[in-house]
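Step one of this worksheet: look at the structure below.
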There are 2 protein chains.
Amino acid sequence: MTEDRSEFLKGTLDMLILKIVALGPIHGYAISQRIQQISRDFFQVQQGSLYPALHRLENRGWLGAEWRATDTGREAKFYSLTKKGRHQLEAEMANWERISDAVALILRTAE
Amino acid sequence: MTEDRSEFLKGTLDMLILKIVALGPIHGYAISQRIQQISRDFFQVQQGSLYPALHRLENRGWLGAEWRATDTGREAKFYSLTKKGRHQLEAEMANWERISDAVALILRTAE
DNA sequence: CTTGACACCTAGTTGTTCTAGGCGTATATG
DNA sequence: CATATACGCCTAGAACAACTAGGTGTCAAG
C-alpha cells in the first residue's frame, strides 16, 4: 500500500552524484535535475537526500565546493570532483559492476 | 579506512531471499549459504541481517514457515514462497531491471 | 572434551533516505 | 501589483535496513 514510485537504491546515490559531477563542475540543484533527466525521470532525487549527500561527499574529501554565479546570475554552490573523488568513483563503479553481476547470477538461477 | 568486503546493497537482500526460496522450501541457514555459493562468495549474508529479514518477509505474508527436520536430522524452520511472495518477487525483479538500467544510463554518460 | 559446524535468535548501534518543513531571490502570470 | 512558481540552498526528525556482537542448544570430529 506504500508509494513505491522511483524508490532509490540505498548506497547508489553517492556514486551517481560523483558520476554527474565528474562530467564537469555543477551545483546541487542541477545535479538532481541531471540525474532525473539522464535516467529518463526514473530517479527523482529528493532535496532532503541530495544536500546531506553532498555535504557527506565534501566532508570525505571527494568533492570540492565553490560559490559561483549560474548562467542566470544566481549564486550557487558548484561542486567539482577531487582526485580522491575520482578514485572513489572508479572504486564504486567497479563495485557496482561486481554487485550487479552477483545479483544477476542469483536472479538467473533456475531450479 | 572501513572494511568494505562483500558489502551488501541495501534493499536487495529481500529480493535475493525470495528468489532463493522460490527454488524450493529451504531453511534460513541454508539460504545464506546458497546466496553465498551462487554469488561465488561475493555476498556473505550476516545472520544479524538474515533472520530479521526472514521474519520481516514472513510478517508481510511473502513467506510461509514450517518446522521440519533437515537431511542430517536436525530441526529447522523451512520457508516457502506464498502466492503474495511470488508476486512480490516478480515485482522486485522487474524493479531491479529498471533500476539497474537507469544506473547504467547514468554511469555510461560520457561528456 | 573441546572445537567447530549447524541452526536459531535479538538488542542496540550506525547510516542512508525520506518527510516536511524553512529561507531568500527572480520571473512569470493573473 | 500581487502572488505563484521555479530556482537554489538548508536541516531536524522519523523510518528502516543492515551490521555488530552478543546469546542458546545440538551434534560430529579430533
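Please note that chains go A, B, ... in the order of the C-alpha cells, that every chain numbers its residues from 1, and that ligands are numbered from 1 in the order shown.
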Contact set, chain B to chain A: 12 Å, only C-alpha atoms, as a ChimeraX atom specification: /B:1,4-25,31,34-44,60,89-111
File dump, residues just selected, C-alpha atoms, as an mmCIF file, in the first residue's frame:
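The resulting file, out03.cif, is reproduced below:
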```
data_model
loop_
_atom_site.group_PDB
_atom_site.id
_atom_site.type_symbol
_atom_site.label_atom_id
_atom_site.label_comp_id
_atom_site.auth_asym_id
_atom_site.auth_seq_id
_atom_site.Cartn_x
_atom_site.Cartn_y
_atom_site.Cartn_z
ATOM 1 C CA MET B 1 39.507 3.040 6.057
ATOM 2 C CA ASP B 4 34.363 -2.821 2.511
ATOM 3 C CA ARG B 5 34.418 -6.542 1.732
ATOM 4 C CA SER B 6 31.342 -8.033 0.165
ATOM 5 C CA GLU B 7 29.175 -5.126 1.170
ATOM 6 C CA PHE B 8 25.504 -5.629 0.676
ATOM 7 C CA LEU B 9 23.374 -3.427 -1.452
ATOM 8 C CA LYS B 10 20.673 -2.228 0.864
ATOM 9 C CA GLY B 11 17.260 -3.178 -0.347
ATOM 10 C CA THR B 12 18.434 -6.126 -2.396
ATOM 11 C CA LEU B 13 18.516 -8.733 0.324
ATOM 12 C CA ASP B 14 14.759 -9.297 0.432
ATOM 13 C CA MET B 15 14.642 -9.942 -3.291
ATOM 14 C CA LEU B 16 17.537 -12.386 -3.161
ATOM 15 C CA ILE B 17 15.970 -14.300 -0.308
ATOM 16 C CA LEU B 18 12.648 -14.501 -2.114
ATOM 17 C CA LYS B 19 14.434 -15.747 -5.210
ATOM 18 C CA ILE B 20 16.295 -18.466 -3.326
ATOM 19 C CA VAL B 21 13.150 -19.617 -1.559
ATOM 20 C CA ALA B 22 11.368 -19.673 -4.905
ATOM 21 C CA LEU B 23 13.686 -22.522 -5.883
ATOM 22 C CA GLY B 24 12.063 -24.678 -3.231
ATOM 23 C CA PRO B 25 11.471 -24.898 0.543
ATOM 24 C CA ILE B 31 19.535 -19.667 2.383
ATOM 25 C CA ARG B 34 23.073 -20.688 -1.052
ATOM 26 C CA ILE B 35 23.311 -16.957 -1.676
ATOM 27 C CA GLN B 36 26.992 -17.007 -0.873
ATOM 28 C CA GLN B 37 27.605 -20.026 -3.049
ATOM 29 C CA ILE B 38 25.662 -18.865 -6.107
ATOM 30 C CA SER B 39 27.224 -15.418 -5.932
ATOM 31 C CA ARG B 40 30.635 -17.106 -5.870
ATOM 32 C CA ASP B 41 31.345 -15.941 -2.333
ATOM 33 C CA PHE B 42 30.652 -12.321 -3.172
ATOM 34 C CA PHE B 43 27.632 -11.902 -0.929
ATOM 35 C CA GLN B 44 28.002 -13.003 2.647
ATOM 36 C CA ARG B 60 4.380 -9.416 5.253
ATOM 37 C CA LEU B 89 9.362 -11.343 -6.217
ATOM 38 C CA GLU B 90 8.211 -10.647 -9.747
ATOM 39 C CA ALA B 91 7.637 -7.004 -8.900
ATOM 40 C CA GLU B 92 11.036 -6.685 -7.263
ATOM 41 C CA MET B 93 12.827 -8.342 -10.145
ATOM 42 C CA ALA B 94 11.120 -6.028 -12.626
ATOM 43 C CA ASN B 95 12.038 -3.092 -10.434
ATOM 44 C CA TRP B 96 15.638 -4.241 -10.212
ATOM 45 C CA GLU B 97 15.792 -4.330 -14.004
ATOM 46 C CA ARG B 98 14.554 -0.784 -14.244
ATOM 47 C CA ILE B 99 16.896 0.430 -11.544
ATOM 48 C CA SER B 100 19.991 -1.174 -12.974
ATOM 49 C CA ASP B 101 19.090 0.105 -16.434
ATOM 50 C CA ALA B 102 18.728 3.615 -15.036
ATOM 51 C CA VAL B 103 22.033 3.352 -13.195
ATOM 52 C CA ALA B 104 23.691 2.105 -16.364
ATOM 53 C CA LEU B 105 22.324 5.080 -18.273
ATOM 54 C CA ILE B 106 23.975 7.442 -15.845
ATOM 55 C CA LEU B 107 27.238 5.572 -15.470
ATOM 56 C CA ARG B 108 27.668 5.388 -19.228
ATOM 57 C CA THR B 109 27.033 9.046 -19.825
ATOM 58 C CA ALA B 110 30.138 10.485 -21.405
ATOM 59 C CA GLU B 111 30.943 14.175 -21.854
#
```
Contact set, chain C to chain B: 8 Å, only C-alpha atoms (C1' of nucleotides), as a list in words: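 Written out as asked, the residues are DA7, DC8 and DC9 of chain C.
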Per-residue DSSP, chain B, filtered to alpha helix (DSSP H), as number ranges by chain: B: 13-22, 28-38, 47-59, 83-107
Distance-based interface of chain D with chain A, 10 Å, counting only C-alpha atoms (C1' of nucleotides), as a PyMOL selection string: chain D and resi 7-11+17
Nearest residue to DT26 in chain D from the set B:Glu58, B:Gln33, B:Gly73, B:Gly85 (distances using only C-alpha atoms (C1' of nucleotides)): B:Gly73
Contact residues around DA4 in chain D with only C-alpha atoms (C1' of nucleotides) at 10 Å, ignoring same-chain residues under 3 positions, as a list of chain:residue names: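 Residues meeting the cut-off are C:DA28, C:DT29, C:DG30.
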Output N, CA and C atoms (P, O5', C5', C4', C3', O3' and C1' of nucleotides) of each residue in that selection to a file, as a PDB file, in the first residue's frame.
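Done, and the output landed in selection-v9.pdb:
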```pdb
ATOM      1  P    DA C  28      10.827  35.160 -17.485  1.00  0.00           P
ATOM      2  O5'  DA C  28       9.390  34.615 -17.832  1.00  0.00           O
ATOM      3  C5'  DA C  28       8.306  35.177 -17.114  1.00  0.00           C
ATOM      4  C4'  DA C  28       7.406  34.090 -16.610  1.00  0.00           C
ATOM      5  C3'  DA C  28       6.000  34.243 -17.154  1.00  0.00           C
ATOM      6  O3'  DA C  28       5.325  33.003 -17.114  1.00  0.00           O
ATOM      7  C1'  DA C  28       6.045  34.832 -14.847  1.00  0.00           C
ATOM      8  P    DT C  29       4.043  32.803 -18.128  1.00  0.00           P
ATOM      9  O5'  DT C  29       2.878  32.387 -17.109  1.00  0.00           O
ATOM     10  C5'  DT C  29       2.983  32.734 -15.724  1.00  0.00           C
ATOM     11  C4'  DT C  29       1.622  33.042 -15.125  1.00  0.00           C
ATOM     12  C3'  DT C  29       0.561  33.548 -16.100  1.00  0.00           C
ATOM     13  O3'  DT C  29      -0.704  33.189 -15.562  1.00  0.00           O
ATOM     14  C1'  DT C  29       1.041  35.260 -14.573  1.00  0.00           C
ATOM     15  P    DG C  30      -2.046  33.188 -16.444  1.00  0.00           P
ATOM     16  O5'  DG C  30      -3.093  33.874 -15.463  1.00  0.00           O
ATOM     17  C5'  DG C  30      -3.269  33.378 -14.147  1.00  0.00           C
ATOM     18  C4'  DG C  30      -3.815  34.466 -13.253  1.00  0.00           C
ATOM     19  C3'  DG C  30      -5.053  35.173 -13.816  1.00  0.00           C
ATOM     20  O3'  DG C  30      -6.010  35.339 -12.787  1.00  0.00           O
ATOM     21  C1'  DG C  30      -3.373  36.772 -13.320  1.00  0.00           C
TER      22       DG C  30
END
```
Those in range 3-97 of chain B with strand (DSSP E) from DSSP, as a list in words: Ile26, His27, Leu63, Gly64, Ala65, Glu66, Trp67, Arg68, Ala69, Glu75, Ala76, Lys77, Phe78, Tyr79, Ser80 and Leu81 of chain B
N, CA and C atoms of the current selection, written as a PDB file, in the first residue's frame:
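Result file out_2.pdb:
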```pdb
ATOM      1  N   ILE B  26      13.264 -24.191   1.957  1.00  0.00           N
ATOM      2  CA  ILE B  26      14.644 -24.169   2.438  1.00  0.00           C
ATOM      3  C   ILE B  26      14.692 -23.423   3.761  1.00  0.00           C
ATOM      4  N   HIS B  27      15.601 -23.808   4.620  1.00  0.00           N
ATOM      5  CA  HIS B  27      15.674 -23.128   5.915  1.00  0.00           C
ATOM      6  C   HIS B  27      16.695 -22.000   5.886  1.00  0.00           C
ATOM      7  N   LEU B  63       6.427 -15.033   2.841  1.00  0.00           N
ATOM      8  CA  LEU B  63       6.979 -16.354   3.111  1.00  0.00           C
ATOM      9  C   LEU B  63       6.093 -17.082   4.112  1.00  0.00           C
ATOM     10  N   GLY B  64       5.976 -18.398   3.945  1.00  0.00           N
ATOM     11  CA  GLY B  64       5.350 -19.230   4.950  1.00  0.00           C
ATOM     12  C   GLY B  64       6.441 -20.052   5.617  1.00  0.00           C
ATOM     13  N   ALA B  65       6.244 -20.428   6.871  1.00  0.00           N
ATOM     14  CA  ALA B  65       7.289 -21.145   7.599  1.00  0.00           C
ATOM     15  C   ALA B  65       6.727 -22.390   8.264  1.00  0.00           C
ATOM     16  N   GLU B  66       7.583 -23.361   8.383  1.00  0.00           N
ATOM     17  CA  GLU B  66       7.182 -24.637   8.968  1.00  0.00           C
ATOM     18  C   GLU B  66       8.426 -25.334   9.523  1.00  0.00           C
ATOM     19  N   TRP B  67       8.330 -25.836  10.753  1.00  0.00           N
ATOM     20  CA  TRP B  67       9.459 -26.547  11.344  1.00  0.00           C
ATOM     21  C   TRP B  67       9.490 -27.976  10.824  1.00  0.00           C
ATOM     22  N   ARG B  68      10.632 -28.340  10.303  1.00  0.00           N
ATOM     23  CA  ARG B  68      10.805 -29.703   9.808  1.00  0.00           C
ATOM     24  C   ARG B  68      12.222 -30.181  10.090  1.00  0.00           C
ATOM     25  N   ALA B  69      12.481 -31.426   9.772  1.00  0.00           N
ATOM     26  CA  ALA B  69      13.822 -31.955  10.000  1.00  0.00           C
ATOM     27  C   ALA B  69      14.665 -31.822   8.737  1.00  0.00           C
ATOM     28  N   GLU B  75      16.233 -30.171  13.589  1.00  0.00           N
ATOM     29  CA  GLU B  75      15.034 -29.369  13.364  1.00  0.00           C
ATOM     30  C   GLU B  75      15.422 -28.005  12.800  1.00  0.00           C
ATOM     31  N   ALA B  76      14.692 -27.594  11.793  1.00  0.00           N
ATOM     32  CA  ALA B  76      14.983 -26.289  11.199  1.00  0.00           C
ATOM     33  C   ALA B  76      13.686 -25.700  10.657  1.00  0.00           C
ATOM     34  N   LYS B  77      13.684 -24.395  10.495  1.00  0.00           N
ATOM     35  CA  LYS B  77      12.482 -23.691  10.051  1.00  0.00           C
ATOM     36  C   LYS B  77      12.531 -23.534   8.541  1.00  0.00           C
ATOM     37  N   PHE B  78      11.700 -24.267   7.866  1.00  0.00           N
ATOM     38  CA  PHE B  78      11.700 -24.230   6.404  1.00  0.00           C
ATOM     39  C   PHE B  78      10.741 -23.171   5.888  1.00  0.00           C
ATOM     40  N   TYR B  79      11.241 -22.371   4.996  1.00  0.00           N
ATOM     41  CA  TYR B  79      10.435 -21.304   4.413  1.00  0.00           C
ATOM     42  C   TYR B  79      10.016 -21.690   3.004  1.00  0.00           C
ATOM     43  N   SER B  80       8.814 -21.247   2.642  1.00  0.00           N
ATOM     44  CA  SER B  80       8.383 -21.426   1.257  1.00  0.00           C
ATOM     45  C   SER B  80       7.681 -20.155   0.803  1.00  0.00           C
ATOM     46  N   LEU B  81       7.634 -19.979  -0.509  1.00  0.00           N
ATOM     47  CA  LEU B  81       7.080 -18.760  -1.081  1.00  0.00           C
ATOM     48  C   LEU B  81       5.556 -18.856  -1.122  1.00  0.00           C
TER      49      LEU B  81
END
```
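Our summary of the geometry notes that CA of Val45 in chain A is positioned 16.6 Å from C1' of DA6 in chain D.
Put simply, C1' of DT19 in chain C is 29.1 Å away from C1' of DT20 in chain D.
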